[in-house]
Structures are given as structure tokens and as C-alpha cells.
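This is query30.tsv. It holds TSV, C-alpha atoms (C1' of nucleotides).
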chain	number	residue	atom	x	y	z
D	52	MET	CA	80.36	-115.30	26.89
D	53	LEU	CA	82.41	-118.39	26.18
D	54	LYS	CA	81.64	-122.08	26.10
D	55	ARG	CA	83.74	-124.67	27.85
D	56	GLY	CA	85.85	-125.45	24.81
D	57	ASP	CA	86.52	-121.76	24.19
D	58	VAL	CA	87.69	-121.28	27.77
D	59	ALA	CA	89.93	-124.31	27.60
D	60	ARG	CA	91.51	-123.04	24.38
D	61	GLN	CA	91.93	-119.53	25.73
D	62	LEU	CA	93.61	-120.70	28.94
D	63	ASP	CA	95.45	-123.55	27.26
D	64	CYS	CA	94.13	-126.30	29.49
D	65	ASN	CA	92.29	-129.54	28.84
D	66	ILE	CA	88.55	-129.14	28.37
D	67	GLU	CA	87.87	-131.89	30.89
D	68	THR	CA	89.95	-130.13	33.52
D	69	VAL	CA	87.43	-127.27	33.57
D	70	ARG	CA	84.58	-129.65	34.35
D	71	TYR	CA	86.74	-131.50	36.87
D	72	TYR	CA	87.54	-128.31	38.79
D	73	GLU	CA	83.85	-127.49	38.91
D	74	GLY	CA	83.07	-131.03	40.08
D	75	ILE	CA	85.45	-130.84	43.03
D	76	GLY	CA	84.24	-127.36	43.91
D	77	LEU	CA	87.44	-125.55	43.02
D	78	ILE	CA	85.59	-123.14	40.73
D	79	GLU	CA	81.98	-122.02	40.96
D	80	PRO	CA	79.43	-123.55	38.58
D	81	PRO	CA	78.94	-121.06	35.73
D	82	GLN	CA	75.65	-119.99	34.18
D	83	ARG	CA	73.97	-122.36	31.76
D	84	THR	CA	72.08	-121.87	28.54
D	85	GLN	CA	68.48	-123.08	28.43
D	86	SER	CA	69.66	-126.32	26.90
D	87	GLY	CA	72.21	-126.88	29.66
D	88	HIS	CA	75.46	-125.75	28.07
D	89	ARG	CA	77.86	-123.94	30.41
D	90	ILE	CA	78.64	-120.32	29.61
D	91	TYR	CA	81.52	-118.49	31.21
D	92	ASP	CA	81.82	-114.74	31.65
D	93	GLY	CA	85.01	-112.70	32.13
D	94	ASP	CA	85.07	-113.20	35.89
D	95	ASP	CA	84.67	-116.97	35.55
D	96	VAL	CA	87.61	-117.04	33.18
D	97	ALA	CA	89.71	-114.82	35.47
D	98	ARG	CA	89.07	-117.08	38.45
D	99	LEU	CA	89.97	-120.18	36.47
D	100	ARG	CA	93.14	-118.49	35.21
D	101	PHE	CA	94.08	-117.72	38.83
D	102	VAL	CA	93.64	-121.41	39.72
D	103	LEU	CA	95.65	-122.58	36.71
D	104	ARG	CA	98.54	-120.23	37.49
D	105	LEU	CA	98.79	-121.59	41.02
D	106	ARG	CA	98.58	-125.11	39.66
D	107	ASP	CA	101.38	-124.36	37.21
D	108	LEU	CA	103.46	-123.15	40.14
D	109	GLY	CA	103.07	-126.62	41.61
D	110	PHE	CA	100.53	-125.87	44.34
D	111	PRO	CA	98.38	-128.87	45.30
D	112	LEU	CA	94.69	-128.30	44.57
D	113	GLU	CA	93.84	-128.38	48.27
D	114	ASP	CA	96.22	-125.49	48.89
D	115	ILE	CA	94.67	-123.60	46.00
D	116	ARG	CA	91.23	-124.23	47.45
D	117	ALA	CA	92.34	-122.85	50.83
D	118	LEU	CA	93.97	-119.83	49.21
D	119	LEU	CA	90.81	-119.10	47.21
D	120	ALA	CA	88.69	-119.29	50.35
D	121	THR	CA	91.04	-116.90	52.16
D	122	VAL	CA	91.17	-114.41	49.31
D	123	LYS	CA	87.40	-114.58	48.88
D	124	THR	CA	86.67	-113.36	52.40
D	125	GLY	CA	89.06	-110.45	51.91
D	126	ASP	CA	89.97	-111.00	55.54
D	127	TYR	CA	93.64	-111.88	55.21
D	128	ALA	CA	97.01	-110.26	55.65
D	129	CYS	CA	99.45	-109.99	52.82
D	130	ALA	CA	101.98	-111.57	55.20
D	131	ASP	CA	99.84	-114.75	55.37
D	132	ILE	CA	99.98	-115.11	51.62
D	133	ALA	CA	103.75	-114.66	51.70
D	134	VAL	CA	104.02	-117.51	54.22
D	135	ILE	CA	102.05	-119.84	51.96
D	136	ALA	CA	104.12	-118.87	48.92
D	137	GLU	CA	107.37	-119.38	50.80
D	138	HIS	CA	106.22	-122.77	51.97
D	139	GLN	CA	105.64	-123.75	48.35
D	140	LEU	CA	109.03	-122.31	47.43
D	141	ALA	CA	110.63	-124.51	50.08
D	142	GLU	CA	108.80	-127.55	48.65
D	143	ILE	CA	110.13	-126.82	45.19
D	144	ARG	CA	113.66	-126.39	46.49
D	145	ARG	CA	113.41	-129.68	48.34
D	146	LYS	CA	112.40	-131.39	45.11
D	147	ILE	CA	115.28	-129.78	43.25
D	148	VAL	CA	117.74	-131.02	45.88
D	149	ASP	CA	116.29	-134.54	45.58
D	150	LEU	CA	116.53	-134.53	41.81
D	151	ARG	CA	120.06	-133.17	41.79
D	152	ARG	CA	121.11	-136.02	44.04
D	153	LEU	CA	119.52	-138.50	41.64
D	154	GLU	CA	121.19	-136.75	38.73
D	155	LYS	CA	124.62	-137.11	40.36
D	156	THR	CA	124.07	-140.77	41.13
D	157	LEU	CA	122.93	-141.57	37.60
D	158	MET	CA	125.78	-139.54	36.13
D	159	ARG	CA	128.36	-141.43	38.15
D	160	MET	CA	126.77	-144.69	37.05
D	161	THR	CA	126.68	-143.89	33.35
D	162	GLU	CA	130.25	-142.59	33.47
D	163	GLN	CA	131.38	-145.96	34.80
D	164	CYS	CA	129.79	-147.74	31.85
D	165	HIS	CA	132.17	-148.77	29.06
D	166	ARG	CA	129.22	-149.18	26.64
D	167	GLY	CA	130.40	-152.53	25.37
D	168	ALA	CA	128.55	-155.22	23.45
D	169	THR	CA	128.65	-157.67	26.36
D	170	PRO	CA	126.36	-157.91	29.38
D	171	ASP	CA	129.02	-157.07	32.00
D	172	CYS	CA	127.64	-153.66	32.81
D	173	ALA	CA	128.83	-151.31	35.53
D	174	ILE	CA	125.30	-149.91	35.87
D	175	ILE	CA	123.78	-153.30	36.57
D	176	GLU	CA	126.67	-154.00	38.95
D	177	ALA	CA	125.96	-150.79	40.84
D	178	LEU	CA	122.30	-151.72	41.23
D	179	SER	CA	122.84	-155.31	42.35
J	248	MET	CA	114.19	-166.82	55.45
J	249	LEU	CA	112.28	-163.64	56.06
J	250	LYS	CA	108.62	-162.77	56.24
J	251	ARG	CA	107.08	-159.86	54.39
J	252	GLY	CA	107.36	-157.48	57.31
J	253	ASP	CA	111.01	-158.39	57.84
J	254	VAL	CA	111.82	-157.73	54.19
J	255	ALA	CA	110.02	-154.39	54.27
J	256	ARG	CA	111.94	-153.35	57.39
J	257	GLN	CA	115.25	-154.51	55.97
J	258	LEU	CA	114.79	-152.67	52.68
J	259	ASP	CA	113.02	-149.70	54.29
J	260	CYS	CA	109.90	-149.87	52.17
J	261	ASN	CA	106.22	-150.15	52.95
J	262	ILE	CA	105.05	-153.69	53.64
J	263	GLU	CA	102.17	-153.27	51.19
J	264	THR	CA	104.53	-152.24	48.42
J	265	VAL	CA	106.08	-155.71	48.49
J	266	ARG	CA	102.72	-157.35	47.90
J	267	TYR	CA	101.84	-154.73	45.30
J	268	TYR	CA	104.98	-155.44	43.28
J	269	GLU	CA	104.18	-159.13	43.38
J	270	GLY	CA	100.60	-158.39	42.31
J	271	ILE	CA	101.66	-156.46	39.22
J	272	GLY	CA	104.27	-159.07	38.35
J	273	LEU	CA	107.30	-156.89	39.04
J	274	ILE	CA	108.78	-159.47	41.39
J	275	GLU	CA	108.29	-163.22	41.36
J	276	PRO	CA	105.93	-164.78	43.93
J	277	PRO	CA	108.09	-166.14	46.75
J	278	GLN	CA	107.74	-169.49	48.50
J	279	ARG	CA	104.97	-169.91	51.05
J	280	THR	CA	104.75	-171.65	54.38
J	281	GLN	CA	102.16	-174.42	54.72
J	282	SER	CA	99.74	-171.90	56.19
J	283	GLY	CA	100.22	-169.51	53.29
J	284	HIS	CA	102.64	-166.93	54.68
J	285	ARG	CA	105.20	-165.63	52.18
J	286	ILE	CA	108.84	-166.42	52.89
J	287	TYR	CA	111.66	-164.64	51.10
J	288	ASP	CA	115.17	-165.96	50.59
J	289	GLY	CA	118.33	-163.96	49.91
J	290	ASP	CA	117.76	-163.88	46.16
J	291	ASP	CA	114.20	-162.65	46.56
J	292	VAL	CA	115.45	-159.83	48.75
J	293	ALA	CA	118.25	-158.96	46.31
J	294	ARG	CA	115.82	-158.75	43.40
J	295	LEU	CA	113.46	-156.53	45.34
J	296	ARG	CA	116.38	-154.31	46.38
J	297	PHE	CA	117.32	-153.96	42.71
J	298	VAL	CA	113.77	-152.85	41.89
J	299	LEU	CA	113.65	-150.40	44.79
J	300	ARG	CA	116.96	-148.81	43.80
J	301	LEU	CA	115.70	-148.18	40.29
J	302	ARG	CA	112.47	-146.81	41.70
J	303	ASP	CA	114.43	-144.49	44.00
J	304	LEU	CA	116.29	-143.27	40.92
J	305	GLY	CA	112.92	-142.22	39.54
J	306	PHE	CA	112.44	-144.95	36.93
J	307	PRO	CA	108.77	-145.70	36.16
J	308	LEU	CA	107.77	-149.24	37.10
J	309	GLU	CA	107.19	-150.14	33.46
J	310	ASP	CA	110.79	-149.23	32.65
J	311	ILE	CA	111.95	-151.29	35.60
J	312	ARG	CA	109.89	-154.21	34.37
J	313	ALA	CA	111.47	-153.95	30.90
J	314	LEU	CA	114.96	-153.66	32.37
J	315	LEU	CA	114.38	-156.73	34.54
J	316	ALA	CA	113.19	-158.72	31.54
J	317	THR	CA	116.26	-157.69	29.55
J	318	VAL	CA	118.70	-158.48	32.32
J	319	LYS	CA	116.97	-161.81	33.01
J	320	THR	CA	117.62	-163.13	29.50
J	321	GLY	CA	121.29	-162.16	29.76
J	322	ASP	CA	121.00	-161.27	26.08
J	323	TYR	CA	121.75	-157.57	26.24
J	324	ALA	CA	124.61	-155.22	25.56
J	325	CYS	CA	126.02	-152.97	28.23
J	326	ALA	CA	125.54	-150.12	25.75
J	327	ASP	CA	121.74	-150.72	25.76
J	328	ILE	CA	121.64	-150.27	29.51
J	329	ALA	CA	123.61	-147.05	29.19
J	330	VAL	CA	121.05	-145.71	26.72
J	331	ILE	CA	118.19	-146.40	29.14
J	332	ALA	CA	120.06	-144.81	32.03
J	333	GLU	CA	120.90	-141.73	30.00
J	334	HIS	CA	117.28	-141.40	28.96
J	335	GLN	CA	116.32	-141.35	32.63
J	336	LEU	CA	119.10	-138.85	33.33
J	337	ALA	CA	117.65	-136.57	30.66
J	338	GLU	CA	114.21	-136.88	32.25
J	339	ILE	CA	115.57	-135.87	35.62
J	340	ARG	CA	117.38	-132.89	34.14
J	341	ARG	CA	114.21	-131.79	32.40
J	342	LYS	CA	112.37	-131.87	35.72
J	343	ILE	CA	115.14	-129.86	37.37
J	344	VAL	CA	114.92	-127.19	34.68
J	345	ASP	CA	111.14	-127.01	35.16
J	346	LEU	CA	111.42	-126.68	38.91
J	347	ARG	CA	114.15	-124.06	38.72
J	348	ARG	CA	111.89	-121.97	36.53
J	349	LEU	CA	109.09	-122.28	39.09
J	350	GLU	CA	111.55	-121.43	41.85
J	351	LYS	CA	112.57	-118.21	40.08
J	352	THR	CA	108.97	-117.18	39.48
J	353	LEU	CA	107.95	-117.78	43.08
J	354	MET	CA	111.08	-116.03	44.35
J	355	ARG	CA	110.34	-112.95	42.28
J	356	MET	CA	106.79	-112.96	43.60
J	357	THR	CA	107.69	-113.30	47.27
J	358	GLU	CA	110.35	-110.62	46.94
J	359	GLN	CA	107.71	-108.20	45.70
J	360	CYS	CA	105.59	-108.82	48.78
J	361	HIS	CA	105.82	-106.18	51.53
J	362	ARG	CA	104.36	-108.62	54.10
J	363	GLY	CA	101.90	-106.13	55.47
J	364	ALA	CA	98.79	-106.65	57.59
J	365	THR	CA	96.43	-105.57	54.80
J	366	PRO	CA	95.09	-107.63	51.90
J	367	ASP	CA	96.79	-105.62	49.13
J	368	CYS	CA	99.25	-108.31	48.21
J	369	ALA	CA	101.72	-108.27	45.35
J	370	ILE	CA	101.51	-112.07	45.09
J	371	ILE	CA	97.75	-112.04	44.61
J	372	GLU	CA	98.17	-109.18	42.15
J	373	ALA	CA	100.69	-111.19	40.17
J	374	LEU	CA	98.29	-114.12	39.98
J	375	SER	CA	95.18	-112.17	39.03
Z	269	DT	C1'	94.13	-169.72	77.67
Z	270	DT	C1'	94.58	-165.30	76.68
Z	271	DA	C1'	96.44	-161.55	74.53
Z	272	DC	C1'	98.92	-159.56	71.08
Z	273	DT	C1'	101.15	-159.12	66.90
Z	274	DC	C1'	101.75	-160.52	62.23
Z	275	DT	C1'	100.07	-162.07	57.98
Z	276	DC	C1'	96.43	-163.27	54.68
Z	277	DT	C1'	92.80	-161.72	51.14
Z	278	DG	C1'	90.24	-158.38	48.41
Z	279	DT	C1'	88.89	-153.87	47.81
Z	280	DA	C1'	88.63	-148.81	48.09
Z	281	DG	C1'	90.87	-144.44	48.45
Z	282	DT	C1'	94.63	-141.07	47.11
Z	283	DC	C1'	96.01	-137.03	43.47
Z	284	DA	C1'	95.11	-134.69	39.42
Z	285	DC	C1'	93.60	-135.55	35.83
Z	286	DT	C1'	92.25	-137.99	31.13
Z	287	DA	C1'	89.49	-140.84	28.20
Z	288	DC	C1'	85.48	-142.93	26.82
Z	289	DA	C1'	80.48	-144.21	25.80
Z	290	DG	C1'	76.14	-142.91	24.68
Z	291	DG	C1'	73.24	-139.20	24.06
Z	292	DT	C1'	71.69	-134.04	22.91
Z	293	DG	C1'	72.32	-129.27	20.76
Z	294	DC	C1'	73.71	-126.19	17.39
Z	295	DA	C1'	75.43	-124.04	13.17
Z	296	DA	C1'	76.64	-124.22	8.36
Z	297	DG	C1'	76.32	-126.22	3.65
Z	298	DG	C1'	73.50	-128.20	0.11
X	30	DC	C1'	64.30	-128.19	5.17
X	31	DC	C1'	67.61	-131.69	5.86
X	32	DT	C1'	71.86	-133.53	6.78
X	33	DT	C1'	76.42	-133.54	8.39
X	34	DG	C1'	79.63	-132.91	11.74
X	35	DC	C1'	81.33	-130.85	15.61
X	36	DA	C1'	80.75	-129.32	20.42
X	37	DC	C1'	78.63	-130.17	24.40
X	38	DC	C1'	76.15	-133.02	28.07
X	39	DT	C1'	76.34	-136.89	31.74
X	40	DG	C1'	78.43	-140.54	34.41
X	41	DT	C1'	82.04	-143.67	34.88
X	42	DA	C1'	86.53	-146.02	34.42
X	43	DG	C1'	91.39	-145.83	33.84
X	44	DT	C1'	96.14	-143.86	34.88
X	45	DG	C1'	100.65	-144.53	38.25
X	46	DA	C1'	102.33	-145.95	42.32
X	47	DC	C1'	101.07	-146.80	46.01
X	48	DT	C1'	98.43	-146.77	50.81
X	49	DA	C1'	94.81	-147.98	53.95
X	50	DC	C1'	91.33	-150.71	55.67
X	51	DA	C1'	88.16	-154.69	57.06
X	52	DG	C1'	87.65	-159.16	58.47
X	53	DA	C1'	89.80	-163.54	59.12
X	54	DG	C1'	93.53	-166.87	60.19
X	55	DA	C1'	98.42	-167.90	62.16
X	56	DG	C1'	102.15	-167.62	65.41
X	57	DT	C1'	104.15	-166.55	69.88
X	58	DA	C1'	104.96	-165.18	74.75
X	59	DA	C1'	103.15	-164.97	79.51
Please re-express this file's structure in C-alpha cells.
Amino acid sequence: MLKRGDVARQLDCNIETVRYYEGIGLIEPPQRTQSGHRIYDGDDVARLRFVLRLRDLGFPLEDIRALLATVKTGDYACADIAVIAEHQLAEIRRKIVDLRRLEKTLMRMTEQCHRGATPDCAIIEALS
Amino acid sequence: MLKRGDVARQLDCNIETVRYYEGIGLIEPPQRTQSGHRIYDGDDVARLRFVLRLRDLGFPLEDIRALLATVKTGDYACADIAVIAEHQLAEIRRKIVDLRRLEKTLMRMTEQCHRGATPDCAIIEALS
DNA sequence: TTACTCTCTGTAGTCACTACAGGTGCAAGG
DNA sequence: CCTTGCACCTGTAGTGACTACAGAGAGTAA
């Protein structure tokens, strides 16, 4: 039986994030002590870890919520999950493509720069 | 002389963004008509385009603000600009590395999945 | 004149947290 | 037993970079 701070330490997330996820209904409210302190059992921790792993894979919280709901019913096909995961994979690849384009542009710009002590800068030129 | 909507169309940005940038002091307030409508001249548009290009390169607005202030004084060395640009380049590369790691993880997970009609899913397994 | 579009203002909502203020609970040291 | 200090409780506000909306005034074409 862990308290909120213990859980946060164990899963390496911010203590406030745990309360936030409960507030928006992403995880179930845990048991409380008589004085009102939250106490988390092994299942609570496992469910939060599941959420955090998806988050760390870049899934938006709404997608995580939907995935949780699907998994909870048990009424889903493995193929459905694969579709969701591949959608997320496509999102990530799109972002990589975007960033690589930015990287190229910035690289070209910095290469042009003679790094002088005067304000006639190729970078500023390129932006104007 | 263009109105706000014209500027937004010309620079392909949201009309509200123009007002927002004025509100946070990122661009100077333009002239107004007698009735209070904003009117933008060529210089106004050029300055906004400069800001939008930096934004599209992923610079945070605060960095753009600082860059604008520096360029405005004219008292800067080309080398300083190069440092800022290379810092941003490093940021972008860091993000690419992060995303490529996520991509690999998700790829491995989806490859494991047999895409069946039952709920015994390798992806869910991997997350639990 | 009427109808329609554009602009004006201020404010609230988005996402995913994060930080803070002001108060209670709990556990260990003296 | 008392105090000290940390962990926890609640609600709320702030972050970044917009985006959307409500309600009112301005401009234009038929």
C-alpha cells in the first residue's frame, strides 16, 4: 500500500500528475485512509504505469482514455489495437519528417553565416 | 494598406494570431482607421513575416522576442545570431532523436502483433 | 434599406501539466 | 508529551501558443 508520493517516485512521474489523472478520470480514484490520504494498491500502480507508458509513447490522453475503455470491456480485437498503434506510429513519423525539414533549413542557414563581428548576417537576410 | 484579414490570408496564418502577437508585444501596434480598424503597411507585414518564419522554424516566442530586440538595436554580431540558430538546431535534433526512439519502440510492438480477432494482444502485453 | 461580411473588444477554452497557498496528518527525535 | 518537519489534502492559477466565441460596430454591394 503506497501513498501518492511513493507511487510518483516508483513510476518516476510528478506527484501532481497522479492527482491530475484522477481528476480528469483517466485513472480510478484509489482507496483512502480514514483521514483522507490516498492509498494505492498493486493494481492501481499497474494501471497508472500502463497510462504513463502510453503517454511516454506520445499518445494524447484522450486516446489513452479510449484505449483504456476498450481494454476494460475485454471486448476488442487485437487487430483494433494494432490499428491504433499504427496510427500513432504514423503521427510520430510525420513529426520526424517535419523536424528533419526544419533541421535542413536551419543547417543551410547556419552554414551560410560567416560568424563575423558585424551585423550583416546571412541568417537575418534569409529570414527577412 | 491591408486589413487584418488580408494580412492573415497573405501570410497564411490565423487572423487571431495577428492580434495575439500584438497583444503580447511581439509586433508593434499598426496604424488604425478613424473607426478603429487596424491597417498594416508593407513594413508591418514584413516584420510579421519575419516572426512567422522563426515560429515555423520552431523558435519559442520568447526567443523570437529577444532576437527581434537584438536586431532592432543593430548592435549585434553576426556570430551571436549563429549561436542562437545553432542552439535551436540542437533542440530540433534532440527532438528527432526522441521521436526516433519512440518510433522504434512502437515499430517493435506492432511487429509483434498477430492482428487476430481475439483480445490477446502483444501490444497490450508489452504495455502491462 | 437590407443583407452580408469584416472587424472590434474582452474573455474563455485547449492540452498536459506544474506550482502555489493555506490547511491537516503523521512519524521521529528530544 | 511536545515539537519539528515533511507529506499530504484541497482548490485555483499559471504555462505556451494559440483558437474560439459573444456581442457590438463598420463597410460594402444589390
Length of the atom CA of Ser375 of chain J to atom CA of Phe101 of chain D vector [Å]: 5.7 Å
Chain D residues near chain X (8 Å cut-off, all atoms listed in the file) as a ChimeraX atom specification: /D:56,87-88
Export C-alpha atoms of the chosen residues as a PDB file, keeping the file's coordinate frame?
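And here's again_27.pdb as it stands now:
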ATOM      1  CA  GLY D  56      85.850-125.450  24.810  1.00  0.00           C
ATOM      2  CA  GLY D  87      72.210-126.880  29.660  1.00  0.00           C
ATOM      3  CA  HIS D  88      75.460-125.750  28.070  1.00  0.00           C
TER       4      HIS D  88
END
Under the rule of at most 10 Å, produce a per-residue listing of chain Z near chain D: chain, number, name, the closest pair of atoms, and the distance in Å, as a Markdown table, using all atoms listed in the file.
| residue | atom | partner | partner_atom | distance |
| --- | --- | --- | --- | --- |
| Z:DC283 | C1' | D:Pro111 | CA | 8.7 |
| Z:DA284 | C1' | D:Leu112 | CA | 8.2 |
| Z:DC285 | C1' | D:Thr68 | CA | 6.9 |
| Z:DT286 | C1' | D:Glu67 | CA | 7.5 |
| Z:DA287 | C1' | D:Glu67 | CA | 9.5 |
| Z:DT292 | C1' | D:Ser86 | CA | 8.9 |
| Z:DG293 | C1' | D:Ser86 | CA | 7.3 |
C-alpha RMSD, in-order pairing, chain J superimposed onto chain D: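 Computed value for the CA RMSD is 0.2 Å.
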From D:Ile78, D:Cys64, D:Ile115, D:Val102, residue lying nearest chain J [all atoms listed in the file]: D:Val102
So which residues touch His138 of chain D within 12 Å, counting all atoms listed in the file, skipping near sequence neighbours fewer than 6 positions away, as a PDB file with C-alpha atoms, in the frame of the given file?
ATOM      1  CA  GLY D 109     103.070-126.620  41.610  1.00  0.00           C
ATOM      2  CA  PHE D 110     100.530-125.870  44.340  1.00  0.00           C
ATOM      3  CA  PRO D 111      98.380-128.870  45.300  1.00  0.00           C
ATOM      4  CA  ASP D 114      96.220-125.490  48.890  1.00  0.00           C
ATOM      5  CA  ASP D 131      99.840-114.750  55.370  1.00  0.00           C
ATOM      6  CA  ILE D 132      99.980-115.110  51.620  1.00  0.00           C
ATOM      7  CA  ARG D 144     113.660-126.390  46.490  1.00  0.00           C
ATOM      8  CA  ARG D 145     113.410-129.680  48.340  1.00  0.00           C
TER       9      ARG D 145
ATOM     10  CA  GLU J 350     111.550-121.430  41.850  1.00  0.00           C
ATOM     11  CA  LEU J 353     107.950-117.780  43.080  1.00  0.00           C
ATOM     12  CA  MET J 354     111.080-116.030  44.350  1.00  0.00           C
ATOM     13  CA  THR J 357     107.690-113.300  47.270  1.00  0.00           C
TER      14      THR J 357
END
Cut-off 7 Å: closest chain J/chain D atom pairs per residue, using only C-alpha atoms, as a tab-separated table:
residue	atom	partner	partner_atom	distance
J:Phe297	CA	D:Leu178	CA	5.7
J:Arg300	CA	D:Leu178	CA	6.6
J:Leu304	CA	D:Leu153	CA	5.8
J:Gly321	CA	D:Pro170	CA	6.6
J:Tyr323	CA	D:Pro170	CA	5.6
J:Ala324	CA	D:Ala168	CA	4.5
J:Cys325	CA	D:Cys172	CA	4.9
J:Ala326	CA	D:Arg166	CA	3.9
J:Ala329	CA	D:Thr161	CA	6.1
J:Ala332	CA	D:Thr161	CA	6.8
J:Leu336	CA	D:Glu154	CA	6.2
J:Ile339	CA	D:Leu150	CA	6.4
J:Ile343	CA	D:Ile147	CA	5.9
J:Leu346	CA	D:Ile143	CA	6.4
J:Leu349	CA	D:Leu108	CA	5.8
J:Glu350	CA	D:Leu140	CA	6.2
J:Leu353	CA	D:Leu140	CA	6.4
J:Thr357	CA	D:Ala133	CA	6.1
J:Cys360	CA	D:Ala133	CA	6.8
J:Arg362	CA	D:Ala130	CA	3.9
J:Gly363	CA	D:Cys129	CA	5.3
J:Ala364	CA	D:Ala128	CA	4.5
J:Thr365	CA	D:Ala128	CA	4.8
J:Pro366	CA	D:Ala128	CA	5.0
J:Asp367	CA	D:Cys129	CA	6.3
J:Cys368	CA	D:Cys129	CA	4.9
J:Leu374	CA	D:Phe101	CA	5.7
J:Ser375	CA	D:Phe101	CA	5.7
Atom CA of Val96 of chain D to atom CA of Val58 of chain D, distance in Å rounded to a single decimal: 6.9 Å
Between atom CA of Gly74 of chain D and atom CA of Asp95 of chain D, distance in Å (one decimal):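 Computing the Euclidean distance for atom CA of Gly74 of chain D and atom CA of Asp95 of chain D yields 14.9 Å.
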